[in-house]
>>> print(open('target03.cif').read())   # mmCIF, C-alpha atoms
data_coords
loop_
_atom_site.group_PDB
_atom_site.id
_atom_site.type_symbol
_atom_site.label_atom_id
_atom_site.label_comp_id
_atom_site.auth_asym_id
_atom_site.auth_seq_id
_atom_site.Cartn_x
_atom_site.Cartn_y
_atom_site.Cartn_z
ATOM 1 C CA MET A 1 28.351 -84.545 130.952
ATOM 2 C CA GLN A 2 27.293 -84.134 127.320
ATOM 3 C CA SER A 3 26.916 -80.719 125.795
ATOM 4 C CA GLN A 4 23.962 -79.565 123.748
ATOM 5 C CA SER A 5 26.096 -79.918 120.613
ATOM 6 C CA GLN A 6 26.349 -83.658 121.331
ATOM 7 C CA GLY A 7 22.616 -84.106 120.960
ATOM 8 C CA ARG A 8 20.975 -83.237 124.267
ATOM 9 C CA ARG A 9 18.616 -80.292 124.356
ATOM 10 C CA LEU A 10 19.082 -78.835 127.824
ATOM 11 C CA ASP A 11 16.656 -76.359 129.333
ATOM 12 C CA ALA A 12 17.821 -72.758 129.203
ATOM 13 C CA VAL A 13 17.445 -72.241 132.985
ATOM 14 C CA PRO A 14 20.971 -72.444 134.508
ATOM 15 C CA GLY A 15 21.741 -75.243 136.914
ATOM 16 C CA PRO A 16 19.666 -78.354 137.691
ATOM 17 C CA PHE A 17 16.004 -77.809 138.535
ATOM 18 C CA THR A 18 15.106 -78.149 142.213
ATOM 19 C CA THR A 19 11.905 -79.066 144.019
ATOM 20 C CA ARG A 20 11.030 -75.358 144.015
ATOM 21 C CA THR A 21 11.371 -74.922 140.252
ATOM 22 C CA PRO A 22 7.838 -74.237 138.934
ATOM 23 C CA ARG A 23 7.991 -76.949 136.260
ATOM 24 C CA VAL A 24 9.063 -79.551 138.793
ATOM 25 C CA ALA A 25 6.384 -78.420 141.231
ATOM 26 C CA ALA A 26 3.726 -78.609 138.498
ATOM 27 C CA ALA A 27 4.852 -82.083 137.432
ATOM 28 C CA ARG A 28 4.925 -83.267 141.035
ATOM 29 C CA ARG A 29 1.221 -82.462 141.388
ATOM 30 C CA LEU A 30 0.506 -85.147 138.785
ATOM 31 C CA HIS A 31 0.774 -87.765 141.525
ATOM 32 C CA ARG A 32 -2.848 -86.787 142.218
ATOM 33 C CA ARG A 33 -5.541 -88.092 139.905
ATOM 34 C CA ARG A 34 -7.443 -84.805 139.931
ATOM 35 C CA ASP A 35 -4.399 -82.936 138.662
ATOM 36 C CA ARG A 36 -3.681 -85.583 136.024
ATOM 37 C CA GLU A 37 -7.216 -85.234 134.699
ATOM 38 C CA GLN A 38 -7.089 -81.447 134.636
ATOM 39 C CA ALA A 39 -3.710 -81.318 132.894
ATOM 40 C CA GLY A 40 -4.155 -84.306 130.609
ATOM 41 C CA ARG A 41 -0.638 -85.324 131.667
ATOM 42 C CA PHE A 42 1.013 -88.092 133.695
ATOM 43 C CA LEU A 43 4.480 -89.222 134.771
ATOM 44 C CA ALA A 44 6.359 -92.296 133.588
ATOM 45 C CA GLU A 45 9.487 -93.113 135.564
ATOM 46 C CA GLY A 46 12.499 -95.255 134.784
ATOM 47 C CA PRO A 47 14.442 -95.874 131.571
ATOM 48 C CA GLN A 48 12.164 -98.644 130.265
ATOM 49 C CA ALA A 49 9.020 -96.522 130.491
ATOM 50 C CA VAL A 50 10.852 -93.496 129.108
ATOM 51 C CA ARG A 51 12.143 -95.505 126.147
ATOM 52 C CA GLU A 52 8.676 -96.795 125.258
ATOM 53 C CA ALA A 53 7.106 -93.356 125.717
ATOM 54 C CA LEU A 54 9.660 -91.748 123.410
ATOM 55 C CA ALA A 55 8.968 -94.413 120.790
ATOM 56 C CA ARG A 56 5.360 -93.211 120.577
ATOM 57 C CA ASP A 57 5.492 -89.949 118.652
ATOM 58 C CA GLY A 58 4.112 -86.884 120.382
ATOM 59 C CA THR A 59 3.727 -88.551 123.772
ATOM 60 C CA VAL A 60 6.566 -87.046 125.811
ATOM 61 C CA VAL A 61 6.292 -83.381 126.742
ATOM 62 C CA GLU A 62 9.481 -83.118 128.802
ATOM 63 C CA LEU A 63 12.210 -85.422 130.076
ATOM 64 C CA PHE A 64 13.535 -84.883 133.601
ATOM 65 C CA GLY A 65 16.765 -86.529 134.706
ATOM 66 C CA THR A 66 19.593 -86.231 137.155
ATOM 67 C CA PRO A 67 22.950 -85.418 135.558
ATOM 68 C CA ALA A 68 24.197 -88.935 136.335
ATOM 69 C CA ALA A 69 21.133 -90.575 134.766
ATOM 70 C CA LEU A 70 21.267 -88.379 131.671
ATOM 71 C CA ASP A 71 24.877 -89.493 131.174
ATOM 72 C CA ARG A 72 24.042 -93.152 131.825
ATOM 73 C CA TYR A 73 21.072 -93.085 129.463
ATOM 74 C CA ALA A 74 22.554 -90.685 126.931
ATOM 75 C CA ASP A 75 20.770 -92.515 124.107
ATOM 76 C CA LEU A 76 17.380 -91.612 125.609
ATOM 77 C CA ALA A 77 18.408 -87.999 126.120
ATOM 78 C CA ALA A 78 19.555 -87.889 122.498
ATOM 79 C CA THR A 79 16.283 -89.437 121.299
ATOM 80 C CA ALA A 80 14.346 -86.786 123.212
ATOM 81 C CA ALA A 81 16.511 -84.031 121.750
ATOM 82 C CA ARG A 82 15.941 -85.282 118.198
ATOM 83 C CA ALA A 83 12.192 -85.175 118.867
ATOM 84 C CA ASP A 84 12.546 -81.577 120.130
ATOM 85 C CA VAL A 85 11.543 -82.668 123.648
ATOM 86 C CA PRO A 86 13.083 -80.494 126.399
ATOM 87 C CA VAL A 87 15.603 -82.381 128.532
ATOM 88 C CA SER A 88 15.726 -80.855 132.016
ATOM 89 C CA GLU A 89 18.424 -81.653 134.542
ATOM 90 C CA VAL A 90 17.100 -81.996 138.095
ATOM 91 C CA THR A 91 18.663 -82.478 141.485
ATOM 92 C CA ASP A 92 18.422 -85.822 143.259
ATOM 93 C CA ASP A 93 15.838 -84.311 145.631
ATOM 94 C CA ALA A 94 13.740 -83.040 142.728
ATOM 95 C CA LEU A 95 13.896 -86.419 141.003
ATOM 96 C CA ALA A 96 12.805 -88.116 144.234
ATOM 97 C CA ALA A 97 9.838 -85.744 144.445
ATOM 98 C CA LEU A 98 8.769 -86.729 140.926
ATOM 99 C CA THR A 99 8.887 -90.461 141.600
ATOM 100 C CA GLU A 100 7.041 -92.908 143.856
ATOM 101 C CA THR A 101 9.624 -95.676 144.118
ATOM 102 C CA VAL A 102 12.133 -96.242 146.899
ATOM 103 C CA ALA A 103 15.110 -96.424 144.520
ATOM 104 C CA PRO A 104 14.307 -94.284 141.449
ATOM 105 C CA GLN A 105 16.470 -94.740 138.359
ATOM 106 C CA GLY A 106 16.979 -91.065 137.624
ATOM 107 C CA LEU A 107 14.631 -90.444 134.682
ATOM 108 C CA VAL A 108 11.005 -89.281 134.545
ATOM 109 C CA ALA A 109 9.023 -88.469 131.402
ATOM 110 C CA LEU A 110 6.154 -86.005 131.492
ATOM 111 C CA CYS A 111 3.648 -87.525 129.077
ATOM 112 C CA ARG A 112 0.354 -86.646 127.420
ATOM 113 C CA HIS A 113 -2.679 -88.819 128.114
ATOM 114 C CA LEU A 114 -3.021 -91.610 125.572
ATOM 115 C CA ASP A 115 -6.798 -92.123 125.602
ATOM 116 C CA VAL A 116 -8.300 -93.559 122.423
ATOM 117 C CA PRO A 117 -12.082 -93.206 121.946
ATOM 118 C CA LEU A 118 -13.923 -96.531 122.084
ATOM 119 C CA GLU A 119 -15.294 -96.067 118.567
ATOM 120 C CA GLN A 120 -11.819 -95.522 117.165
ATOM 121 C CA ALA A 121 -10.334 -98.510 118.963
ATOM 122 C CA VAL A 122 -13.159 -100.774 117.745
ATOM 123 C CA ALA A 123 -12.880 -99.458 114.189
ATOM 124 C CA ARG A 124 -9.297 -100.737 114.026
ATOM 125 C CA GLY A 125 -10.624 -104.282 114.164
ATOM 126 C CA PRO A 126 -8.841 -105.748 117.192
ATOM 127 C CA ARG A 127 -9.103 -109.523 117.468
ATOM 128 C CA LEU A 128 -8.379 -109.580 121.180
ATOM 129 C CA VAL A 129 -9.506 -107.029 123.765
ATOM 130 C CA ALA A 130 -9.258 -106.932 127.566
ATOM 131 C CA VAL A 131 -11.963 -105.080 129.507
ATOM 132 C CA LEU A 132 -11.076 -104.153 133.085
ATOM 133 C CA ALA A 133 -14.465 -103.629 134.662
ATOM 134 C CA GLY A 134 -14.252 -101.837 137.986
ATOM 135 C CA ILE A 135 -10.738 -103.063 138.788
ATOM 136 C CA ARG A 136 -9.454 -100.734 141.488
ATOM 137 C CA ASP A 137 -5.994 -102.143 142.253
ATOM 138 C CA PRO A 138 -3.440 -100.303 140.091
ATOM 139 C CA GLY A 139 -0.853 -103.076 140.339
ATOM 140 C CA ASN A 140 -3.325 -105.667 139.079
ATOM 141 C CA ALA A 141 -4.577 -103.365 136.340
ATOM 142 C CA GLY A 142 -1.076 -102.584 135.120
ATOM 143 C CA THR A 143 -0.099 -106.252 135.157
ATOM 144 C CA VAL A 144 -3.184 -107.236 133.140
ATOM 145 C CA LEU A 145 -2.407 -104.432 130.686
ATOM 146 C CA ARG A 146 1.138 -105.774 130.289
ATOM 147 C CA THR A 147 -0.172 -109.308 129.797
ATOM 148 C CA ALA A 148 -2.760 -108.171 127.261
ATOM 149 C CA ASP A 149 -0.035 -106.454 125.266
ATOM 150 C CA ALA A 150 2.167 -109.554 125.400
ATOM 151 C CA ALA A 151 -0.752 -111.717 124.225
ATOM 152 C CA GLY A 152 -1.338 -109.446 121.239
ATOM 153 C CA ALA A 153 -4.432 -107.579 122.383
ATOM 154 C CA GLY A 154 -5.213 -104.470 120.387
ATOM 155 C CA ALA A 155 -7.004 -102.568 123.142
ATOM 156 C CA VAL A 156 -7.439 -102.506 126.893
ATOM 157 C CA ILE A 157 -10.630 -100.870 128.141
ATOM 158 C CA PHE A 158 -10.790 -99.387 131.645
ATOM 159 C CA ALA A 159 -14.542 -99.527 132.226
ATOM 160 C CA GLY A 160 -16.828 -98.111 134.873
ATOM 161 C CA GLU A 161 -15.147 -97.336 138.190
ATOM 162 C CA ALA A 162 -11.819 -98.822 137.130
ATOM 163 C CA VAL A 163 -8.531 -97.406 138.373
ATOM 164 C CA ASP A 164 -6.934 -94.533 136.486
ATOM 165 C CA PRO A 165 -4.584 -96.097 133.899
ATOM 166 C CA TYR A 166 -2.191 -93.192 134.528
ATOM 167 C CA ASN A 167 -1.855 -93.956 138.229
ATOM 168 C CA GLY A 168 1.880 -94.254 138.897
ATOM 169 C CA LYS A 169 1.704 -97.836 140.152
ATOM 170 C CA CYS A 170 -0.379 -98.865 137.151
ATOM 171 C CA VAL A 171 2.090 -97.217 134.756
ATOM 172 C CA ARG A 172 5.022 -98.989 136.425
ATOM 173 C CA ALA A 173 3.259 -102.371 136.500
ATOM 174 C CA SER A 174 2.526 -102.102 132.786
ATOM 175 C CA ALA A 175 6.318 -102.048 132.135
ATOM 176 C CA GLY A 176 5.905 -99.873 129.059
ATOM 177 C CA SER A 177 2.887 -101.697 127.622
ATOM 178 C CA LEU A 178 0.724 -98.662 128.353
ATOM 179 C CA PHE A 179 2.384 -97.113 125.296
ATOM 180 C CA HIS A 180 1.792 -100.114 122.994
ATOM 181 C CA VAL A 181 -1.969 -100.730 122.995
ATOM 182 C CA ASP A 182 -5.063 -98.593 122.607
ATOM 183 C CA VAL A 183 -6.025 -97.435 126.091
ATOM 184 C CA VAL A 184 -9.751 -96.747 126.296
ATOM 185 C CA ARG A 185 -11.694 -95.319 129.216
ATOM 186 C CA ALA A 186 -15.392 -96.148 129.073
ATOM 187 C CA ALA A 187 -17.771 -94.804 131.704
ATOM 188 C CA ASP A 188 -20.489 -97.348 130.858
ATOM 189 C CA PRO A 189 -19.259 -100.971 130.806
ATOM 190 C CA LEU A 190 -22.475 -102.295 129.253
ATOM 191 C CA ALA A 191 -22.263 -99.793 126.412
ATOM 192 C CA ALA A 192 -18.663 -100.864 125.830
ATOM 193 C CA VAL A 193 -19.738 -104.513 125.692
ATOM 194 C CA GLU A 194 -22.437 -103.737 123.133
ATOM 195 C CA ALA A 195 -19.990 -101.763 120.998
ATOM 196 C CA LEU A 196 -17.568 -104.692 121.030
ATOM 197 C CA ARG A 197 -20.329 -107.158 120.166
ATOM 198 C CA ALA A 198 -21.538 -104.941 117.309
ATOM 199 C CA ALA A 199 -17.975 -105.023 115.962
ATOM 200 C CA GLY A 200 -18.133 -108.825 115.795
ATOM 201 C CA LEU A 201 -16.294 -109.803 118.980
ATOM 202 C CA GLU A 202 -17.510 -112.583 121.243
ATOM 203 C CA ILE A 203 -17.824 -111.495 124.856
ATOM 204 C CA PHE A 204 -16.475 -113.816 127.525
ATOM 205 C CA ALA A 205 -16.901 -112.989 131.209
ATOM 206 C CA THR A 206 -14.459 -114.540 133.662
ATOM 207 C CA THR A 207 -15.918 -115.921 136.862
ATOM 208 C CA GLY A 208 -15.016 -118.734 139.209
ATOM 209 C CA TYR A 209 -18.606 -119.942 138.948
ATOM 210 C CA GLY A 210 -18.876 -119.870 135.178
ATOM 211 C CA ASP A 211 -20.897 -122.510 133.357
ATOM 212 C CA SER A 212 -18.257 -122.791 130.591
ATOM 213 C CA ASP A 213 -14.835 -124.318 131.164
ATOM 214 C CA LEU A 214 -11.943 -122.506 129.453
ATOM 215 C CA ASP A 215 -10.403 -125.757 128.217
ATOM 216 C CA ASP A 216 -13.732 -126.897 126.759
ATOM 217 C CA LEU A 217 -14.093 -123.616 124.877
ATOM 218 C CA ALA A 218 -10.593 -123.991 123.493
ATOM 219 C CA ASP A 219 -11.209 -127.601 122.443
ATOM 220 C CA ALA A 220 -14.428 -126.577 120.691
ATOM 221 C CA GLY A 221 -12.672 -123.847 118.705
ATOM 222 C CA ARG A 222 -14.602 -121.027 120.373
ATOM 223 C CA LEU A 223 -11.442 -119.072 121.170
ATOM 224 C CA SER A 224 -10.410 -118.739 117.546
ATOM 225 C CA ALA A 225 -12.968 -115.972 116.991
ATOM 226 C CA PRO A 226 -12.255 -112.318 117.830
ATOM 227 C CA THR A 227 -12.833 -112.073 121.570
ATOM 228 C CA ALA A 228 -13.236 -109.508 124.323
ATOM 229 C CA TRP A 229 -12.489 -110.799 127.821
ATOM 230 C CA LEU A 230 -14.211 -109.160 130.787
ATOM 231 C CA PHE A 231 -12.217 -109.103 134.022
ATOM 232 C CA GLY A 232 -13.638 -107.880 137.338
ATOM 233 C CA SER A 233 -12.023 -106.846 140.581
ATOM 234 C CA GLU A 234 -10.276 -109.516 142.604
ATOM 235 C CA ALA A 235 -12.413 -108.745 145.652
ATOM 236 C CA HIS A 236 -15.861 -108.541 144.070
ATOM 237 C CA GLY A 237 -15.625 -110.032 140.599
ATOM 238 C CA LEU A 238 -17.817 -108.821 137.757
ATOM 239 C CA PRO A 239 -21.196 -107.173 138.350
ATOM 240 C CA ASP A 240 -24.163 -109.422 137.609
ATOM 241 C CA GLU A 241 -25.324 -107.301 134.686
ATOM 242 C CA LEU A 242 -21.998 -107.746 132.925
ATOM 243 C CA THR A 243 -21.814 -111.493 133.404
ATOM 244 C CA ALA A 244 -25.395 -111.732 132.129
ATOM 245 C CA ALA A 245 -24.512 -109.663 129.051
ATOM 246 C CA ALA A 246 -21.640 -111.961 128.034
ATOM 247 C CA ASP A 247 -21.881 -114.676 125.407
ATOM 248 C CA ALA A 248 -20.275 -117.108 127.850
ATOM 249 C CA ARG A 249 -19.376 -117.109 131.526
ATOM 250 C CA VAL A 250 -15.993 -118.781 131.728
ATOM 251 C CA ARG A 251 -14.124 -120.398 134.603
ATOM 252 C CA VAL A 252 -10.455 -121.307 134.546
ATOM 253 C CA PRO A 253 -10.122 -124.986 135.480
ATOM 254 C CA LEU A 254 -8.256 -125.704 138.713
ATOM 255 C CA HIS A 255 -6.485 -129.048 138.558
ATOM 256 C CA GLY A 256 -4.852 -128.869 141.968
ATOM 257 C CA ARG A 257 -6.054 -127.889 145.415
ATOM 258 C CA ALA A 258 -5.755 -124.092 145.064
ATOM 259 C CA GLU A 259 -9.004 -122.344 145.857
ATOM 260 C CA SER A 260 -8.606 -119.841 143.009
ATOM 261 C CA LEU A 261 -6.210 -117.840 140.864
ATOM 262 C CA ASN A 262 -5.573 -114.178 141.427
ATOM 263 C CA LEU A 263 -6.814 -111.732 138.832
ATOM 264 C CA ALA A 264 -3.537 -111.263 136.980
ATOM 265 C CA ALA A 265 -2.886 -115.003 136.738
ATOM 266 C CA ALA A 266 -6.418 -115.777 135.553
ATOM 267 C CA ALA A 267 -6.220 -112.992 132.967
ATOM 268 C CA ALA A 268 -2.913 -114.367 131.684
ATOM 269 C CA VAL A 269 -4.372 -117.855 131.257
ATOM 270 C CA CYS A 270 -7.436 -116.561 129.390
ATOM 271 C CA LEU A 271 -5.611 -114.084 127.159
ATOM 272 C CA TYR A 272 -2.917 -116.553 126.191
ATOM 273 C CA SER A 273 -5.509 -119.240 125.483
ATOM 274 C CA SER A 274 -7.088 -116.827 123.014
ATOM 275 C CA ALA A 275 -3.712 -115.783 121.618
ATOM 276 C CA ARG A 276 -2.789 -119.390 120.902
ATOM 277 C CA ALA A 277 -6.137 -120.132 119.268
ATOM 278 C CA LEU A 278 -5.900 -117.038 117.090
ATOM 279 C CA ARG A 279 -2.476 -118.156 115.833
ATOM 280 C CA VAL A 280 -3.482 -121.716 114.892
ATOM 281 C CA PRO A 281 -4.011 -122.150 111.109
ATOM 282 C CA ARG A 282 -7.655 -122.292 110.099
ATOM 283 C CA GLY A 283 -7.548 -125.905 108.866
ATOM 284 C CA THR A 284 -6.090 -127.083 112.158
ATOM 285 C CA ARG A 285 -8.852 -125.280 114.066
ATOM 286 C CA ASP A 286 -11.541 -126.963 111.986
ATOM 287 C CA THR A 287 -10.025 -130.397 112.545
ATOM 288 C CA ALA A 288 -9.762 -129.801 116.284
ATOM 289 C CA ALA A 289 -13.338 -128.576 116.492
ATOM 290 C CA GLU A 290 -14.627 -131.607 114.563
ATOM 291 C CA SER A 291 -12.700 -133.958 116.865
ATOM 292 C CA ALA A 292 -14.097 -132.227 119.961
ATOM 293 C CA SER A 293 -17.678 -132.522 118.703
ATOM 294 C CA SER A 294 -17.436 -136.156 117.606
#
>>> encode(input="target03.cif", output="structure tokens")
Amino acid sequence: MQSQSQGRRLDAVPGPFTTRTPRVAAARRLHRRRDREQAGRFLAEGPQAVREALARDGTVVELFGTPAALDRYADLAATAARADVPVSEVTDDALAALTETVAPQGLVALCRHLDVPLEQAVARGPRLVAVLAGIRDPGNAGTVLRTADAAGAGAVIFAGEAVDPYNGKCVRASAGSLFHVDVVRAADPLAAVEALRAAGLEIFATTGYGDSDLDDLADAGRLSAPTAWLFGSEAHGLPDELTAAADARVRVPLHGRAESLNLAAAAAVCLYSSARALRVPRGTRDTAAESASS
């Protein structure tokens, strides 16, 4: 066990915190969305999420860990200490109460909400944005967030009745990407679309019945412009008013016998198609577009 002089700031309360310790009890309540909203806090569990949270200045409020985990991940405990973040030892039972996984890895970060106002996110000039319109499944939402980050998106917008981005399953599925991109929550999806369009982004709505084929758009050079992709729930798709508001309604081509792609897979195909187009040198894009139109 490291001492405080070796870099870990341990809480002054003697002995590991238990499930009855007020700070553990308060953090445990953050499993409920209502309590997360009221506190402006959420939990990120596991060393990967903790590492990414600590890398974003001012995000982590407190680090909870079992003695064994704090020894195993001493570098993370030391990073927290250098940032003047309290490092609180907890019992195995207390750690289990703070997590939602079957086999927790011993660390949980208490984090501040990361919300960025839509206007601020748009003002930064992102060239690729993912809009999750009414997506309710936290695993899907977190996976799309992770994919958007990997594809180089600057912002992910949770619009309308979308899942809470700080839902534990969503945080875990994002694999740390929640801490890398601008996370925006927009109550009105149509207003978000208009703000993105006013900022110069093309709006593409994904739908299995779209009149535009993704490959055709890529061949025509349409994906080389700054783009916002609209993704709807896997069960119900996008609302009609959002598909109507888009500049194009796009379907992912299916070359085999599969009936469809799931949401996360379709989002990956679309986002990476844009990412590739945005990385192609301008002269190559022009040549490809001329060839496609001839």
>>> atom_distance(input="target03.cif", atom1="atom CA of A:Arg36", atom2="atom CA of A:Tyr166")
7.9 Å
>>> residues_around(input="target03.cif", residues="A:Ala228", least_positions_apart="5", cutoff="10 Å", atoms="only C-alpha atoms", output="list in words")
Pro126, Arg127, Leu128, Val129, Ala130, Val131, Ala153, Ala155, Val156, Ile157, Val193, Leu196, Arg197, Gly200, Leu201, Glu202, Ile203, Phe204, Ala205, Ala246, Leu271 and Ser274 of chain A
>>> closest_residue(input="target03.cif", among="A:Val60, A:Leu214, A:Ala103, A:Val108", to="A:Tyr73", atoms="all atoms listed in the file")
A:Val108
>>> residues_around(input="target03.cif", residues="A:Phe17", least_positions_apart="6", cutoff="9 Å", atoms="only C-alpha atoms", output="list in words")
Arg23, Val24, Phe64, Ser88, Glu89, Val90, Thr91 and Ala94 of chain A
>>> closest_residue(input="target03.cif", among="A:Ala159, A:Val87, A:Ala265, A:Leu145", to="A:Arg172", atoms="only C-alpha atoms")
A:Leu145
>>> closest_residue(input="target03.cif", among="A:Gly134, A:Pro22, A:Gly152, A:Gly65", to="A:Asp188", atoms="all atoms listed in the file")
A:Gly134
>>> resolve_selection(input="target03.cif", expression="the PyMOL selection byres ((chain A and resi 101) around 10)", output="PyMOL selection string")
chain A and resi 45-46+96-100+102-105+168-169+172
>>> residues_around(input="target03.cif", residues="stretch 230-236 of chain A", least_positions_apart="5", cutoff="6 Å", atoms="only C-alpha atoms", output="list in words")
Val131, Leu132, Ala133, Ile135, Ala205, Thr206 and Leu263 of chain A
>>> atom_distance(input="target03.cif", atom1="atom CA of A:Ala192", atom2="atom CA of A:Leu118")
7.4 Å
>>> closest_residue(input="target03.cif", among="A:Arg20, A:Ser224, A:Ala266, A:Ala245", to="A:Glu194", atoms="only C-alpha atoms")
A:Ala245
>>> closest_residue(input="target03.cif", among="A:Pro138, A:Pro253, A:Pro117, A:Gly40", to="A:Asp182", atoms="only C-alpha atoms")
A:Pro117
>>> decode(input="target03.cif", residues="stretch 70-95 of chain A", atoms="N, CA and C atoms", output="compact mmCIF listing (two decimals), in the first residue's frame")
# COMPACT_ATOMS: atom_id res chain seq x y z
N LEU A 70 -6.12 0.35 -6.01
CA LEU A 70 -5.30 1.55 -5.91
C LEU A 70 -3.81 1.20 -5.97
N ASP A 71 -3.43 0.02 -5.51
CA ASP A 71 -2.06 -0.44 -5.67
C ASP A 71 -1.79 -0.84 -7.13
N ARG A 72 -2.75 -1.56 -7.71
CA ARG A 72 -2.56 -2.03 -9.10
C ARG A 72 -2.49 -0.86 -10.07
N TYR A 73 -3.33 0.13 -9.84
CA TYR A 73 -3.36 1.30 -10.73
C TYR A 73 -2.80 2.52 -10.00
N ALA A 74 -1.62 2.34 -9.44
CA ALA A 74 -1.00 3.41 -8.65
C ALA A 74 -0.76 4.66 -9.49
N ASP A 75 -0.54 4.49 -10.79
CA ASP A 75 -0.32 5.66 -11.65
C ASP A 75 -1.57 6.54 -11.70
N LEU A 76 -2.76 5.92 -11.71
CA LEU A 76 -3.99 6.70 -11.75
C LEU A 76 -4.23 7.39 -10.41
N ALA A 77 -3.94 6.69 -9.32
CA ALA A 77 -4.07 7.32 -8.00
C ALA A 77 -3.12 8.50 -7.89
N ALA A 78 -1.91 8.35 -8.42
CA ALA A 78 -0.94 9.44 -8.36
C ALA A 78 -1.38 10.62 -9.24
N THR A 79 -1.95 10.32 -10.40
CA THR A 79 -2.46 11.39 -11.27
C THR A 79 -3.57 12.17 -10.58
N ALA A 80 -4.47 11.44 -9.91
CA ALA A 80 -5.54 12.10 -9.16
C ALA A 80 -4.95 12.98 -8.06
N ALA A 81 -3.97 12.46 -7.34
CA ALA A 81 -3.38 13.22 -6.24
C ALA A 81 -2.73 14.50 -6.75
N ARG A 82 -2.05 14.42 -7.89
CA ARG A 82 -1.40 15.62 -8.45
C ARG A 82 -2.43 16.66 -8.85
N ALA A 83 -3.63 16.20 -9.22
CA ALA A 83 -4.70 17.13 -9.59
C ALA A 83 -5.53 17.57 -8.39
N ASP A 84 -5.07 17.19 -7.18
CA ASP A 84 -5.76 17.53 -5.93
C ASP A 84 -7.16 16.92 -5.88
N VAL A 85 -7.31 15.75 -6.48
CA VAL A 85 -8.57 14.99 -6.42
C VAL A 85 -8.49 14.02 -5.25
N PRO A 86 -9.46 14.03 -4.34
CA PRO A 86 -9.44 13.07 -3.23
C PRO A 86 -9.45 11.63 -3.73
N VAL A 87 -8.61 10.80 -3.14
CA VAL A 87 -8.56 9.37 -3.44
C VAL A 87 -9.07 8.64 -2.21
N SER A 88 -10.21 7.98 -2.33
CA SER A 88 -10.88 7.38 -1.18
C SER A 88 -10.88 5.87 -1.29
N GLU A 89 -10.25 5.21 -0.31
CA GLU A 89 -10.28 3.76 -0.26
C GLU A 89 -11.67 3.29 0.16
N VAL A 90 -12.15 2.24 -0.50
CA VAL A 90 -13.46 1.68 -0.19
C VAL A 90 -13.35 0.17 -0.05
N THR A 91 -14.27 -0.40 0.68
CA THR A 91 -14.32 -1.85 0.80
C THR A 91 -14.81 -2.46 -0.51
N ASP A 92 -14.62 -3.77 -0.65
CA ASP A 92 -15.11 -4.46 -1.85
C ASP A 92 -16.63 -4.30 -1.97
N ASP A 93 -17.35 -4.38 -0.85
CA ASP A 93 -18.80 -4.22 -0.89
C ASP A 93 -19.19 -2.82 -1.33
N ALA A 94 -18.47 -1.81 -0.85
CA ALA A 94 -18.78 -0.44 -1.25
C ALA A 94 -18.49 -0.24 -2.73
N LEU A 95 -17.40 -0.79 -3.21
CA LEU A 95 -17.07 -0.67 -4.63
C LEU A 95 -18.15 -1.34 -5.47
